[in-house]
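Novice: Quick one, upload.cif (mmCIF, C-alpha atoms):
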```cif
data_upload
#
loop_
_atom_site.label_atom_id
_atom_site.label_comp_id
_atom_site.auth_asym_id
_atom_site.auth_seq_id
_atom_site.Cartn_x
_atom_site.Cartn_y
_atom_site.Cartn_z
CA MET A 1 0.00 0.00 0.00
CA PRO A 2 1.54 3.38 -1.03
CA SER A 3 2.52 5.74 1.76
CA PRO A 4 0.71 9.09 2.26
CA SER A 5 3.88 10.99 1.29
CA SER A 6 4.19 9.19 -2.07
CA THR A 7 0.48 9.80 -2.80
CA PHE A 8 0.94 13.52 -2.08
CA CYS A 9 3.98 13.71 -4.39
CA SER A 10 2.01 11.97 -7.13
CA LEU A 11 -0.83 14.48 -6.74
CA GLN A 12 1.62 17.36 -6.89
CA GLY A 13 3.12 15.97 -10.08
CA SER A 14 -0.31 15.62 -11.71
CA LEU A 15 -1.27 19.20 -10.85
CA LEU A 16 2.06 20.48 -12.17
CA THR A 17 1.59 18.60 -15.45
CA LEU A 18 -1.96 19.98 -15.80
CA ALA A 19 -0.72 23.53 -15.18
CA VAL A 20 2.01 23.18 -17.82
CA LEU A 21 -0.45 21.84 -20.40
CA THR A 22 -2.89 24.66 -19.64
CA LEU A 23 -0.14 27.27 -20.05
CA ILE A 24 0.89 25.76 -23.39
CA SER A 25 -2.74 25.75 -24.59
CA PHE A 26 -3.32 29.41 -23.71
CA THR A 27 -0.05 30.41 -25.32
CA TYR A 28 -1.00 28.61 -28.55
CA LEU A 29 -4.45 30.19 -28.65
CA SER A 30 -3.03 33.66 -28.00
CA LEU A 31 -0.50 33.33 -30.81
CA ARG A 32 -3.20 32.03 -33.13
CA SER A 33 -5.52 34.96 -32.39
CA LEU A 34 -2.71 37.44 -33.06
CA ASN A 35 -2.22 35.94 -36.51
CA SER A 36 -5.94 35.74 -37.34
CA PRO A 37 -7.66 38.35 -39.56
CA GLN A 38 -9.67 41.03 -37.76
CA ILE A 39 -13.42 40.36 -37.52
CA HIS A 40 -15.73 43.34 -38.04
CA SER A 41 -19.25 43.68 -36.73
CA LEU A 42 -22.04 46.20 -37.04
CA SER A 43 -20.76 48.02 -33.97
CA SER A 44 -17.19 48.40 -35.23
CA SER A 45 -15.75 50.49 -38.03
CA PRO A 46 -16.08 48.57 -41.29
CA PRO A 47 -13.14 47.86 -43.60
CA GLN A 48 -12.90 49.50 -46.99
CA ILE A 49 -14.49 46.96 -49.29
CA THR A 50 -13.57 46.68 -52.94
CA GLY A 51 -14.31 43.61 -55.01
CA VAL A 52 -14.91 41.17 -52.15
CA ALA A 53 -17.58 38.69 -51.12
CA VAL A 54 -20.31 40.25 -48.99
CA THR A 55 -21.86 37.83 -46.49
CA THR A 56 -25.31 38.56 -45.11
CA THR A 57 -27.88 36.72 -43.05
CA VAL A 58 -31.41 36.66 -44.39
CA ALA A 59 -34.47 35.35 -42.54
CA ALA A 60 -35.64 32.24 -44.39
CA ALA A 61 -39.36 32.53 -44.91
CA ASN A 62 -39.79 28.85 -45.77
CA SER A 63 -38.24 27.56 -42.55
CA GLY A 64 -38.45 30.29 -39.93
CA LYS A 65 -34.69 30.03 -39.40
CA LYS A 66 -31.77 32.21 -40.41
CA VAL A 67 -29.70 30.94 -43.25
CA ARG A 68 -26.29 32.10 -44.35
CA GLU A 69 -26.12 33.29 -47.90
CA THR A 70 -22.83 34.35 -49.43
CA VAL A 71 -23.41 36.84 -52.18
CA GLU A 72 -20.47 37.25 -54.51
CA GLU A 73 -20.63 40.74 -55.90
CA GLU A 74 -18.21 43.42 -56.93
CA VAL A 75 -18.55 46.36 -54.56
CA ASP A 76 -17.02 49.75 -55.19
CA ASP A 77 -18.00 53.39 -55.04
CA ASN A 78 -19.77 53.23 -58.40
CA ASP A 79 -21.84 50.05 -58.01
CA GLY A 80 -25.24 51.50 -58.76
CA ASP A 81 -25.73 53.71 -55.71
CA GLY A 82 -26.23 56.64 -58.05
CA GLY A 83 -23.63 58.76 -56.26
CA ASP A 84 -25.70 58.87 -53.05
CA GLU A 85 -23.76 60.21 -50.12
CA ILE A 86 -23.61 57.79 -47.21
CA SER A 87 -22.06 59.90 -44.46
CA ASP A 88 -21.21 59.46 -40.82
CA LEU A 89 -24.81 60.36 -39.91
CA TYR A 90 -25.28 56.58 -39.87
CA HIS A 91 -23.90 54.48 -37.05
CA ASN A 92 -22.07 52.36 -39.59
CA PRO A 93 -22.24 53.96 -43.05
CA GLU A 94 -20.68 51.13 -45.05
CA VAL A 95 -22.78 48.40 -43.44
CA PHE A 96 -25.90 50.52 -44.03
CA ARG A 97 -24.99 50.96 -47.71
CA LEU A 98 -24.33 47.27 -48.29
CA ASN A 99 -27.38 46.01 -46.38
CA TYR A 100 -29.64 48.58 -48.05
CA LYS A 101 -28.40 47.44 -51.44
CA GLU A 102 -29.00 43.80 -50.46
CA MET A 103 -32.52 44.65 -49.29
CA GLU A 104 -33.31 46.33 -52.62
CA ARG A 105 -31.93 43.38 -54.53
CA LYS A 106 -33.79 40.49 -52.94
CA PHE A 107 -36.13 41.39 -50.07
CA LYS A 108 -39.77 40.29 -50.45
CA VAL A 109 -42.96 40.93 -48.46
CA PHE A 110 -46.20 38.95 -48.64
CA ILE A 111 -49.43 40.81 -47.86
CA TYR A 112 -52.23 38.61 -46.55
CA PRO A 113 -55.12 39.06 -49.02
CA ASP A 114 -57.89 38.47 -46.46
CA GLY A 115 -60.22 41.20 -45.26
CA ASP A 116 -62.70 43.55 -46.93
CA PRO A 117 -60.97 46.80 -48.05
CA ASN A 118 -64.23 48.64 -47.41
CA THR A 119 -64.03 47.86 -43.69
CA PHE A 120 -60.78 47.71 -41.70
CA TYR A 121 -58.33 45.98 -44.03
CA GLN A 122 -55.92 46.31 -46.94
CA THR A 123 -56.29 50.00 -47.81
CA PRO A 124 -55.47 53.19 -45.88
CA ARG A 125 -58.05 55.46 -44.31
CA LYS A 126 -56.40 58.59 -45.74
CA LEU A 127 -53.01 60.08 -46.68
CA THR A 128 -53.35 63.35 -44.80
CA GLY A 129 -53.32 64.52 -41.21
CA LYS A 130 -51.35 63.48 -38.15
CA TYR A 131 -51.62 59.78 -38.97
CA ALA A 132 -50.72 60.00 -42.65
CA SER A 133 -47.70 57.74 -42.06
CA GLU A 134 -49.97 54.73 -41.58
CA GLY A 135 -51.89 55.53 -44.74
CA TYR A 136 -48.76 56.04 -46.82
CA PHE A 137 -47.30 52.76 -45.63
CA PHE A 138 -50.44 50.82 -46.56
CA GLN A 139 -50.35 52.38 -50.03
CA ASN A 140 -46.58 52.20 -50.53
CA ILE A 141 -46.28 48.52 -49.63
CA ARG A 142 -48.60 47.69 -52.50
CA ASP A 143 -46.73 49.89 -54.96
CA SER A 144 -43.26 48.72 -53.97
CA LYS A 145 -41.05 46.17 -55.69
CA PHE A 146 -40.77 44.32 -52.38
CA ARG A 147 -44.25 42.89 -52.67
CA THR A 148 -44.59 39.27 -53.78
CA GLU A 149 -47.71 37.23 -54.52
CA ASP A 150 -45.83 34.04 -53.62
CA PRO A 151 -45.66 33.56 -49.84
CA ASP A 152 -42.90 30.96 -50.25
CA GLN A 153 -40.67 33.72 -51.63
CA ALA A 154 -41.39 36.12 -48.76
CA HIS A 155 -38.99 37.02 -45.99
CA ILE A 156 -41.67 38.75 -43.96
CA PHE A 157 -45.51 38.85 -43.79
CA PHE A 158 -47.66 41.98 -43.50
CA ILE A 159 -50.90 41.84 -41.47
CA PRO A 160 -53.00 44.54 -43.24
CA ILE A 161 -55.41 45.58 -40.52
CA SER A 162 -55.93 49.30 -39.79
CA CYS A 163 -56.98 50.48 -36.35
CA HIS A 164 -57.09 54.00 -37.79
CA LYS A 165 -59.93 52.90 -40.08
CA MET A 166 -61.69 51.35 -37.09
CA ARG A 167 -61.40 54.65 -35.24
CA GLY A 168 -62.85 56.44 -38.25
CA LYS A 169 -65.89 54.18 -38.05
CA GLY A 170 -66.33 54.81 -34.32
CA THR A 171 -65.26 51.34 -33.15
CA SER A 172 -64.65 51.07 -29.38
CA TYR A 173 -61.33 49.90 -27.96
CA GLU A 174 -62.90 46.69 -26.73
CA ASN A 175 -64.33 45.85 -30.15
CA MET A 176 -61.04 46.81 -31.84
CA THR A 177 -59.25 44.22 -29.73
CA ILE A 178 -61.83 41.56 -30.64
CA ILE A 179 -61.62 42.41 -34.35
CA VAL A 180 -57.80 42.27 -34.33
CA GLN A 181 -57.72 38.96 -32.46
CA ASN A 182 -60.34 37.35 -34.69
CA TYR A 183 -58.51 38.48 -37.83
CA VAL A 184 -55.13 37.17 -36.68
CA ASP A 185 -56.70 33.92 -35.48
CA SER A 186 -58.25 33.44 -38.91
CA LEU A 187 -54.87 33.94 -40.61
CA ILE A 188 -53.24 31.43 -38.26
CA ALA A 189 -55.96 28.87 -38.95
CA LYS A 190 -55.95 29.37 -42.73
CA TYR A 191 -52.22 29.67 -43.49
CA PRO A 192 -49.13 27.80 -42.18
CA TYR A 193 -46.81 30.81 -42.03
CA TRP A 194 -47.47 32.17 -38.53
CA ASN A 195 -46.93 28.83 -36.82
CA ARG A 196 -43.50 28.32 -38.39
CA THR A 197 -42.05 31.17 -36.34
CA LEU A 198 -44.94 31.93 -33.92
CA GLY A 199 -45.25 35.25 -35.76
CA ALA A 200 -41.64 36.42 -35.51
CA ASP A 201 -41.56 37.15 -39.25
CA HIS A 202 -44.93 38.97 -39.24
CA PHE A 203 -45.55 42.68 -38.75
CA PHE A 204 -48.38 45.19 -38.52
CA VAL A 205 -48.43 49.00 -38.74
CA THR A 206 -50.35 51.51 -36.67
CA CYS A 207 -49.72 55.21 -36.17
CA HIS A 208 -52.66 56.26 -34.03
CA ASP A 209 -52.27 55.46 -30.34
CA VAL A 210 -55.63 53.64 -30.45
CA GLY A 211 -53.85 50.97 -32.48
CA VAL A 212 -51.33 50.46 -29.71
CA ARG A 213 -54.09 50.18 -27.11
CA ALA A 214 -56.19 47.84 -29.25
CA THR A 215 -53.39 45.43 -30.09
CA GLU A 216 -52.15 45.31 -26.49
CA GLY A 217 -55.26 43.23 -25.82
CA VAL A 218 -53.79 40.50 -28.04
CA PRO A 219 -50.67 39.49 -26.04
CA PHE A 220 -49.29 36.87 -28.44
CA LEU A 221 -49.39 39.44 -31.28
CA VAL A 222 -47.58 42.10 -29.25
CA LYS A 223 -45.00 39.67 -27.91
CA ASN A 224 -44.12 37.85 -31.13
CA ALA A 225 -44.83 40.04 -34.17
CA ILE A 226 -42.93 43.17 -35.18
CA ARG A 227 -44.91 46.25 -34.19
CA VAL A 228 -44.35 49.29 -36.41
CA VAL A 229 -45.84 52.12 -34.34
CA CYS A 230 -45.71 55.91 -34.02
CA SER A 231 -45.77 55.64 -30.20
CA PRO A 232 -42.61 53.64 -29.41
CA SER A 233 -42.34 54.20 -25.69
CA TYR A 234 -40.13 51.96 -23.57
CA ASP A 235 -42.66 52.07 -20.74
CA VAL A 236 -45.61 50.67 -22.77
CA ASN A 237 -44.23 47.30 -23.88
CA PHE A 238 -42.30 48.58 -26.91
CA ILE A 239 -39.45 46.12 -27.50
CA PRO A 240 -36.35 47.74 -29.05
CA HIS A 241 -34.57 45.73 -31.77
CA LYS A 242 -37.82 43.85 -32.44
CA ASP A 243 -40.36 46.61 -32.85
CA VAL A 244 -39.90 49.60 -35.16
CA ALA A 245 -40.58 53.30 -34.58
CA LEU A 246 -42.73 54.71 -37.37
CA PRO A 247 -41.99 58.41 -37.96
CA GLN A 248 -45.13 60.50 -37.49
CA VAL A 249 -45.15 62.82 -40.48
CA LEU A 250 -47.93 65.32 -41.06
CA GLN A 251 -48.20 65.49 -44.83
CA PRO A 252 -48.61 67.26 -47.14
CA PHE A 253 -46.29 69.92 -45.77
CA ALA A 254 -47.70 73.43 -46.03
CA LEU A 255 -44.41 74.98 -47.22
CA PRO A 256 -41.26 73.80 -49.03
CA ALA A 257 -38.35 72.20 -47.18
CA GLY A 258 -35.95 74.54 -45.40
CA GLY A 259 -32.19 74.29 -45.44
CA ASN A 260 -28.93 76.14 -46.06
CA ASP A 261 -30.54 79.25 -44.59
CA ILE A 262 -28.67 79.73 -41.32
CA GLU A 263 -28.50 83.49 -41.65
CA ASN A 264 -32.32 83.71 -41.45
CA ARG A 265 -32.54 81.78 -38.21
CA THR A 266 -32.35 84.46 -35.53
CA THR A 267 -34.69 82.97 -32.89
CA LEU A 268 -32.96 80.60 -30.46
CA GLY A 269 -35.85 78.21 -29.76
CA PHE A 270 -39.55 77.78 -30.59
CA TRP A 271 -42.52 75.76 -29.37
CA ALA A 272 -46.27 76.26 -29.55
CA GLY A 273 -48.90 73.67 -28.72
CA HIS A 274 -51.40 72.26 -26.27
CA ARG A 275 -50.32 71.65 -22.68
CA ASN A 276 -51.49 68.03 -22.71
CA SER A 277 -48.57 66.51 -20.79
CA LYS A 278 -46.58 67.27 -17.66
CA ILE A 279 -43.45 68.23 -19.57
CA ARG A 280 -45.40 70.67 -21.77
CA VAL A 281 -46.94 72.33 -18.73
CA ILE A 282 -43.48 72.80 -17.18
CA LEU A 283 -41.98 74.02 -20.48
CA ALA A 284 -44.67 76.69 -20.86
CA ARG A 285 -44.58 77.76 -17.23
CA VAL A 286 -40.79 78.16 -17.08
CA TRP A 287 -40.07 79.71 -20.48
CA GLU A 288 -43.20 81.36 -21.94
CA ASN A 289 -42.05 84.87 -20.97
CA ASP A 290 -38.44 84.46 -22.04
CA THR A 291 -37.10 86.97 -24.58
CA GLU A 292 -34.88 84.50 -26.46
CA LEU A 293 -37.13 81.45 -26.49
CA ASP A 294 -40.39 81.78 -28.42
CA ILE A 295 -42.70 79.66 -26.26
CA SER A 296 -46.50 79.75 -26.60
CA ASN A 297 -48.70 77.85 -24.17
CA ASN A 298 -51.29 77.14 -26.85
CA ARG A 299 -51.53 76.60 -30.57
CA ILE A 300 -51.13 79.65 -32.75
CA SER A 301 -54.51 80.82 -34.00
CA ARG A 302 -54.97 80.93 -37.76
CA ALA A 303 -56.53 84.34 -37.23
CA THR A 304 -53.06 85.79 -36.63
CA GLY A 305 -52.13 85.16 -40.25
CA GLN A 306 -51.67 82.48 -42.87
CA LEU A 307 -49.15 79.73 -42.03
CA VAL A 308 -47.70 81.73 -39.10
CA TYR A 309 -46.88 78.53 -37.22
CA GLN A 310 -44.97 76.97 -40.12
CA LYS A 311 -43.11 80.18 -40.92
CA ARG A 312 -41.70 80.32 -37.40
CA PHE A 313 -39.83 77.10 -38.12
CA TYR A 314 -37.97 78.91 -40.90
CA ARG A 315 -36.56 81.61 -38.62
CA THR A 316 -35.69 79.43 -35.63
CA LYS A 317 -32.49 77.53 -34.86
CA PHE A 318 -33.89 74.94 -32.45
CA CYS A 319 -37.48 73.67 -32.46
CA ILE A 320 -38.50 72.11 -29.16
CA CYS A 321 -40.38 68.80 -29.42
CA PRO A 322 -41.84 67.78 -26.05
CA GLY A 323 -43.90 64.61 -25.76
CA GLY A 324 -47.66 65.09 -25.60
CA SER A 325 -50.26 62.48 -24.75
CA GLN A 326 -47.68 60.02 -26.17
CA VAL A 327 -43.89 60.23 -26.38
CA ASN A 328 -43.96 60.96 -30.11
CA SER A 329 -44.86 64.16 -31.93
CA ALA A 330 -45.36 65.12 -35.57
CA ARG A 331 -43.44 68.28 -34.64
CA ILE A 332 -40.18 66.33 -34.98
CA ALA A 333 -40.77 65.63 -38.68
CA ASP A 334 -41.99 69.22 -39.14
CA SER A 335 -38.75 70.50 -37.64
CA ILE A 336 -36.65 68.29 -39.88
CA HIS A 337 -38.60 69.32 -42.99
CA TYR A 338 -38.34 73.05 -42.28
CA GLY A 339 -34.64 72.88 -41.39
CA CYS A 340 -35.05 73.64 -37.69
CA VAL A 341 -32.88 71.43 -35.47
CA PRO A 342 -35.28 69.34 -33.34
CA VAL A 343 -34.85 69.32 -29.58
CA ILE A 344 -36.13 65.97 -28.32
CA LEU A 345 -37.68 66.62 -24.91
CA SER A 346 -39.34 63.27 -24.29
CA ASP A 347 -38.05 60.45 -22.10
CA TYR A 348 -38.45 56.75 -22.98
CA TYR A 349 -38.75 57.55 -26.70
CA ASP A 350 -37.16 55.11 -29.14
CA LEU A 351 -36.55 57.57 -31.97
CA PRO A 352 -37.33 56.52 -35.57
CA PHE A 353 -34.44 54.66 -37.23
CA ASN A 354 -32.44 54.97 -34.01
CA ASP A 355 -30.45 51.83 -34.85
CA ILE A 356 -29.50 53.32 -38.22
CA LEU A 357 -29.14 57.08 -37.75
CA ASP A 358 -27.04 58.86 -35.14
CA TRP A 359 -29.58 61.36 -33.85
CA HIS A 360 -26.89 63.25 -31.92
CA LYS A 361 -25.52 64.42 -35.29
CA PHE A 362 -28.67 66.34 -36.31
CA SER A 363 -30.73 66.93 -33.16
CA VAL A 364 -30.39 67.86 -29.50
CA ILE A 365 -31.65 65.29 -27.00
CA VAL A 366 -32.55 66.71 -23.58
CA LYS A 367 -33.80 64.80 -20.56
CA GLU A 368 -37.12 66.08 -19.25
CA HIS A 369 -35.64 66.94 -15.85
CA ASP A 370 -33.18 69.28 -17.63
CA VAL A 371 -35.98 71.48 -19.02
CA TYR A 372 -35.03 74.11 -16.42
CA GLN A 373 -31.60 74.45 -18.08
CA LEU A 374 -33.02 74.38 -21.63
CA LYS A 375 -31.96 77.90 -22.58
CA GLN A 376 -28.39 77.40 -21.38
CA ILE A 377 -28.15 74.08 -23.23
CA LEU A 378 -29.33 75.61 -26.52
CA LYS A 379 -27.17 78.73 -26.23
CA ALA A 380 -24.13 76.49 -25.73
CA LYS A 381 -24.93 74.85 -29.08
CA SER A 382 -26.02 77.93 -31.02
CA GLY A 383 -22.64 78.60 -32.66
CA VAL A 384 -20.42 76.12 -34.48
CA ASP A 385 -22.42 73.15 -33.18
CA PHE A 386 -25.61 74.54 -34.67
CA VAL A 387 -24.00 74.98 -38.08
CA ALA A 388 -22.95 71.31 -38.12
CA LEU A 389 -26.33 70.10 -36.83
CA HIS A 390 -28.21 72.12 -39.43
CA LYS A 391 -26.00 70.87 -42.26
CA ASN A 392 -26.59 67.27 -41.18
CA LEU A 393 -30.31 67.88 -40.74
CA VAL A 394 -30.67 68.76 -44.42
CA LYS A 395 -29.05 65.43 -45.31
CA VAL A 396 -31.62 63.36 -43.40
CA GLN A 397 -34.73 65.17 -44.66
CA LYS A 398 -35.23 62.53 -47.36
CA HIS A 399 -35.64 59.83 -44.67
CA PHE A 400 -38.63 61.63 -43.12
CA GLN A 401 -40.61 62.20 -46.32
CA TRP A 402 -43.35 59.92 -47.68
CA ASN A 403 -43.80 59.62 -51.42
CA SER A 404 -46.32 57.90 -53.68
CA PRO A 405 -44.95 55.85 -55.28
CA PRO A 406 -42.07 55.40 -52.81
CA ILE A 407 -38.55 56.46 -53.80
CA LYS A 408 -35.09 55.40 -52.64
CA TYR A 409 -34.14 56.26 -49.05
CA ASP A 410 -37.54 57.79 -48.21
CA ALA A 411 -39.53 57.05 -45.05
CA PHE A 412 -41.09 53.91 -46.51
CA HIS A 413 -37.74 52.37 -47.47
CA MET A 414 -36.24 53.28 -44.09
CA VAL A 415 -39.13 51.61 -42.24
CA ILE A 416 -38.71 48.47 -44.34
CA PHE A 417 -34.96 48.52 -43.73
CA ALA A 418 -35.44 48.98 -39.97
CA SER A 419 -37.84 46.01 -39.99
CA VAL A 420 -35.51 43.65 -41.86
CA VAL A 421 -32.07 44.58 -40.48
CA PRO A 422 -32.31 42.01 -37.62
CA GLY A 423 -32.60 39.33 -40.28
CA MET A 424 -29.78 40.67 -42.43
CA ASP A 425 -26.98 41.05 -39.86
#
```
Rewrite the structure from the file as structure tokens, please.

Specialist:
Amino acid sequence: MPSPSSTFCSLQGSLLTLAVLTLISFTYLSLRSLNSPQIHSLSSSPPQITGVAVTTTVAAANSGKKVRETVEEEVDDNDGDGGDEISDLYHNPEVFRLNYKEMERKFKVFIYPDGDPNTFYQTPRKLTGKYASEGYFFQNIRDSKFRTEDPDQAHIFFIPISCHKMRGKGTSYENMTIIVQNYVDSLIAKYPYWNRTLGADHFFVTCHDVGVRATEGVPFLVKNAIRVVCSPSYDVNFIPHKDVALPQVLQPFALPAGGNDIENRTTLGFWAGHRNSKIRVILARVWENDTELDISNNRISRATGQLVYQKRFYRTKFCICPGGSQVNSARIADSIHYGCVPVILSDYYDLPFNDILDWHKFSVIVKEHDVYQLKQILKAKSGVDFVALHKNLVKVQKHFQWNSPPIKYDAFHMVIFASVVPGMD
């Protein structure tokens, strides 16, 4: 029988051997990683790509899984982008350019054909007013080259039900919820596509806040499908990186787009509107009598003159956009259109295209509790910073404009891109 001392020595020898082998293994792996090519991701600066294979991930509609597709294509600065400037306004300009091009080349959407267009389905209620974004999307998706009649070719499925049309017909919230649930249940029973992914490759669009309230009564729809909404608040079940913020754009605009007109912008800041939220009440109370901030505690009456409200955007540097009954406001898109740098004064707001655009490059984002320092914050940015913000703002105007039919890089294409990027990483 071996002695205790010999057993201890044997154990020591085994531990020493294990330590040496571990050290050798780590040394080998370290040397190997030093000699390996650098791996780039969406969050890192991309390499300059010229004539290489571009690898993307596309959601496979016929299996509900992601498949790797290697697309061999020659990529250079003159590969059909039409000379479009892709600047550092994007978090990763080169990845945006390549993924956008890939989306245009192959992405397909299937629109469920069910539902009477004369009731709540298929067609928009209207293309004007505060909720025009919903109407434009419903119309644009039908006019776009992304649409396919073959569901087996689709990467994503559109559920064409409009809560805005229900509101127009006086439908109650309770009945809206029942109508939405019955419609989705009928699609699940009739077609195999929802059950393949439990709805992860399905999406619906609603701009009016009644749509958010109505669909919240259908938990499996909210949890699984992509929600494209104008009210993307973190505190009302909006899920970033799954759901998409729909820009609320009040079209048609009353006046042409502003831009490259810094010398005309002599007012520091401007806001006029209803006091229908706590932050608006505070904003009006603190700043309505200030001589440098043009703050009105109510909407400007049309009796004061034609288009007085819109014209104030033209002569202002910073247009203040506080949240109202919801976190969003059509005033943000108004500010962008008229060339007035938007000041986002709304907490818990997932800004439109936030994963794509760097909002700090063309807007000022202020926490609600900093409203008391608003004037100091804006004055600190009214010089060189304002010039840069204004210049960048003009570049992003095309992303916050709806067109019929849709055109490259407009709001419709950006919403589609924001919806499909998770499947194209």

Novice: On this file, the PyMOL selection byres ((chain A and resi 149-164) around 7) gives some set of residues; write that set as an mmCIF file with C-alpha atoms, in the coordinates of the input.

Specialist:
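Now in part_25.cif:
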```cif
data_model
loop_
_atom_site.group_PDB
_atom_site.id
_atom_site.type_symbol
_atom_site.label_atom_id
_atom_site.label_comp_id
_atom_site.auth_asym_id
_atom_site.auth_seq_id
_atom_site.Cartn_x
_atom_site.Cartn_y
_atom_site.Cartn_z
ATOM 1 C CA ALA A 59 -34.470 35.350 -42.540
ATOM 2 C CA ALA A 60 -35.640 32.240 -44.390
ATOM 3 C CA ALA A 61 -39.360 32.530 -44.910
ATOM 4 C CA ASN A 62 -39.790 28.850 -45.770
ATOM 5 C CA PHE A 107 -36.130 41.390 -50.070
ATOM 6 C CA LYS A 108 -39.770 40.290 -50.450
ATOM 7 C CA VAL A 109 -42.960 40.930 -48.460
ATOM 8 C CA PHE A 110 -46.200 38.950 -48.640
ATOM 9 C CA ILE A 111 -49.430 40.810 -47.860
ATOM 10 C CA TYR A 112 -52.230 38.610 -46.550
ATOM 11 C CA PHE A 120 -60.780 47.710 -41.700
ATOM 12 C CA TYR A 121 -58.330 45.980 -44.030
ATOM 13 C CA GLN A 122 -55.920 46.310 -46.940
ATOM 14 C CA ARG A 125 -58.050 55.460 -44.310
ATOM 15 C CA ARG A 147 -44.250 42.890 -52.670
ATOM 16 C CA THR A 148 -44.590 39.270 -53.780
ATOM 17 C CA LYS A 165 -59.930 52.900 -40.080
ATOM 18 C CA MET A 166 -61.690 51.350 -37.090
ATOM 19 C CA ARG A 167 -61.400 54.650 -35.240
ATOM 20 C CA GLY A 168 -62.850 56.440 -38.250
ATOM 21 C CA ASP A 201 -41.560 37.150 -39.250
ATOM 22 C CA HIS A 202 -44.930 38.970 -39.240
ATOM 23 C CA PHE A 203 -45.550 42.680 -38.750
ATOM 24 C CA PHE A 204 -48.380 45.190 -38.520
ATOM 25 C CA THR A 206 -50.350 51.510 -36.670
ATOM 26 C CA HIS A 208 -52.660 56.260 -34.030
ATOM 27 C CA VAL A 210 -55.630 53.640 -30.450
ATOM 28 C CA GLY A 211 -53.850 50.970 -32.480
#
```

Novice: If we count all atoms listed in the file, what is near Gln251 of chain A at a cut-off of 7 Å, once residues fewer than 2 positions away on the same chain are taken out, given as a ChimeraX atom specification?

Specialist: /A:128-129,132,249,253

Novice: Can you spit out the residues from that selection as an mmCIF file, in the frame of the given file, using C-alpha atoms?

Specialist:
```
data_model
loop_
_atom_site.group_PDB
_atom_site.id
_atom_site.type_symbol
_atom_site.label_atom_id
_atom_site.label_comp_id
_atom_site.auth_asym_id
_atom_site.auth_seq_id
_atom_site.Cartn_x
_atom_site.Cartn_y
_atom_site.Cartn_z
ATOM 1 C CA THR A 128 -53.350 63.350 -44.800
ATOM 2 C CA GLY A 129 -53.320 64.520 -41.210
ATOM 3 C CA ALA A 132 -50.720 60.000 -42.650
ATOM 4 C CA VAL A 249 -45.150 62.820 -40.480
ATOM 5 C CA PHE A 253 -46.290 69.920 -45.770
#
```

Novice: Using Å and a single decimal, report how far atom CA of Asp209 of chain A sits from atom CA of Thr171 of chain A.

Specialist: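 A separation of 13.9 Å between them.
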
Novice: Counting only C-alpha atoms, which of A:Leu268, A:Leu198, A:Ile239, A:Ile86 gets nearest to Lys375 of chain A?

Specialist: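 Comparing A:Leu268, A:Leu198, A:Ile239, A:Ile86 against Lys375 of chain A, the winner is A:Leu268.
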
Novice: Please write as an mmCIF file with C-alpha atoms, keeping the file's coordinate frame the list of polymer residues whose atoms come within 12 Å of (-54.6, 30.9, -43.8), counting only C-alpha atoms and keeping to the coordinates of the file.

Specialist:
```
data_model
loop_
_atom_site.group_PDB
_atom_site.id
_atom_site.type_symbol
_atom_site.label_atom_id
_atom_site.label_comp_id
_atom_site.auth_asym_id
_atom_site.auth_seq_id
_atom_site.Cartn_x
_atom_site.Cartn_y
_atom_site.Cartn_z
ATOM 1 C CA ILE A 111 -49.430 40.810 -47.860
ATOM 2 C CA TYR A 112 -52.230 38.610 -46.550
ATOM 3 C CA PRO A 113 -55.120 39.060 -49.020
ATOM 4 C CA ASP A 114 -57.890 38.470 -46.460
ATOM 5 C CA GLY A 115 -60.220 41.200 -45.260
ATOM 6 C CA PRO A 151 -45.660 33.560 -49.840
ATOM 7 C CA ILE A 159 -50.900 41.840 -41.470
ATOM 8 C CA TYR A 183 -58.510 38.480 -37.830
ATOM 9 C CA VAL A 184 -55.130 37.170 -36.680
ATOM 10 C CA ASP A 185 -56.700 33.920 -35.480
ATOM 11 C CA SER A 186 -58.250 33.440 -38.910
ATOM 12 C CA LEU A 187 -54.870 33.940 -40.610
ATOM 13 C CA ILE A 188 -53.240 31.430 -38.260
ATOM 14 C CA ALA A 189 -55.960 28.870 -38.950
ATOM 15 C CA LYS A 190 -55.950 29.370 -42.730
ATOM 16 C CA TYR A 191 -52.220 29.670 -43.490
ATOM 17 C CA PRO A 192 -49.130 27.800 -42.180
ATOM 18 C CA TYR A 193 -46.810 30.810 -42.030
ATOM 19 C CA TRP A 194 -47.470 32.170 -38.530
ATOM 20 C CA ASN A 195 -46.930 28.830 -36.820
#
```

Novice: What lies within 9 Å of Ser382 of chain A using only C-alpha atoms, ignoring chain neighbours under 5 positions off, as a count of residues only?

Specialist: 5

Novice: What is the atom CA of Pro406 of chain A to atom CA of Lys130 of chain A distance in Å?

Specialist: 19.1 Å

Novice: Between atom CA of Asn118 of chain A and atom CA of Ser329 of chain A, what is the spacing in Å?

Specialist: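 The value is 29.3 Å.
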
Novice: Between segment 359-397 of chain A and segment 330-341 of chain A, at 10 Å or less, what are the per-residue closest atom pairs and their distances in Å? Count all atoms listed in the file, order by chain and rising residue number, and return it as a tab-separated table.

Specialist:
```
residue	atom	partner	partner_atom	distance
A:Phe362	CA	A:Val341	CA	6.7
A:Ser363	CA	A:Val341	CA	5.5
A:Val364	CA	A:Val341	CA	7.4
A:Phe386	CA	A:Val341	CA	7.9
A:Val387	CA	A:Val341	CA	9.9
A:Leu389	CA	A:Val341	CA	6.8
A:His390	CA	A:Val341	CA	6.2
A:Lys391	CA	A:Gly339	CA	8.9
A:Asn392	CA	A:Val341	CA	9.5
A:Leu393	CA	A:Ile336	CA	6.4
A:Val394	CA	A:Gly339	CA	6.5
A:Lys395	CA	A:Ile336	CA	9.8
A:Val396	CA	A:Ile336	CA	7.9
A:Gln397	CA	A:His337	CA	5.9
```
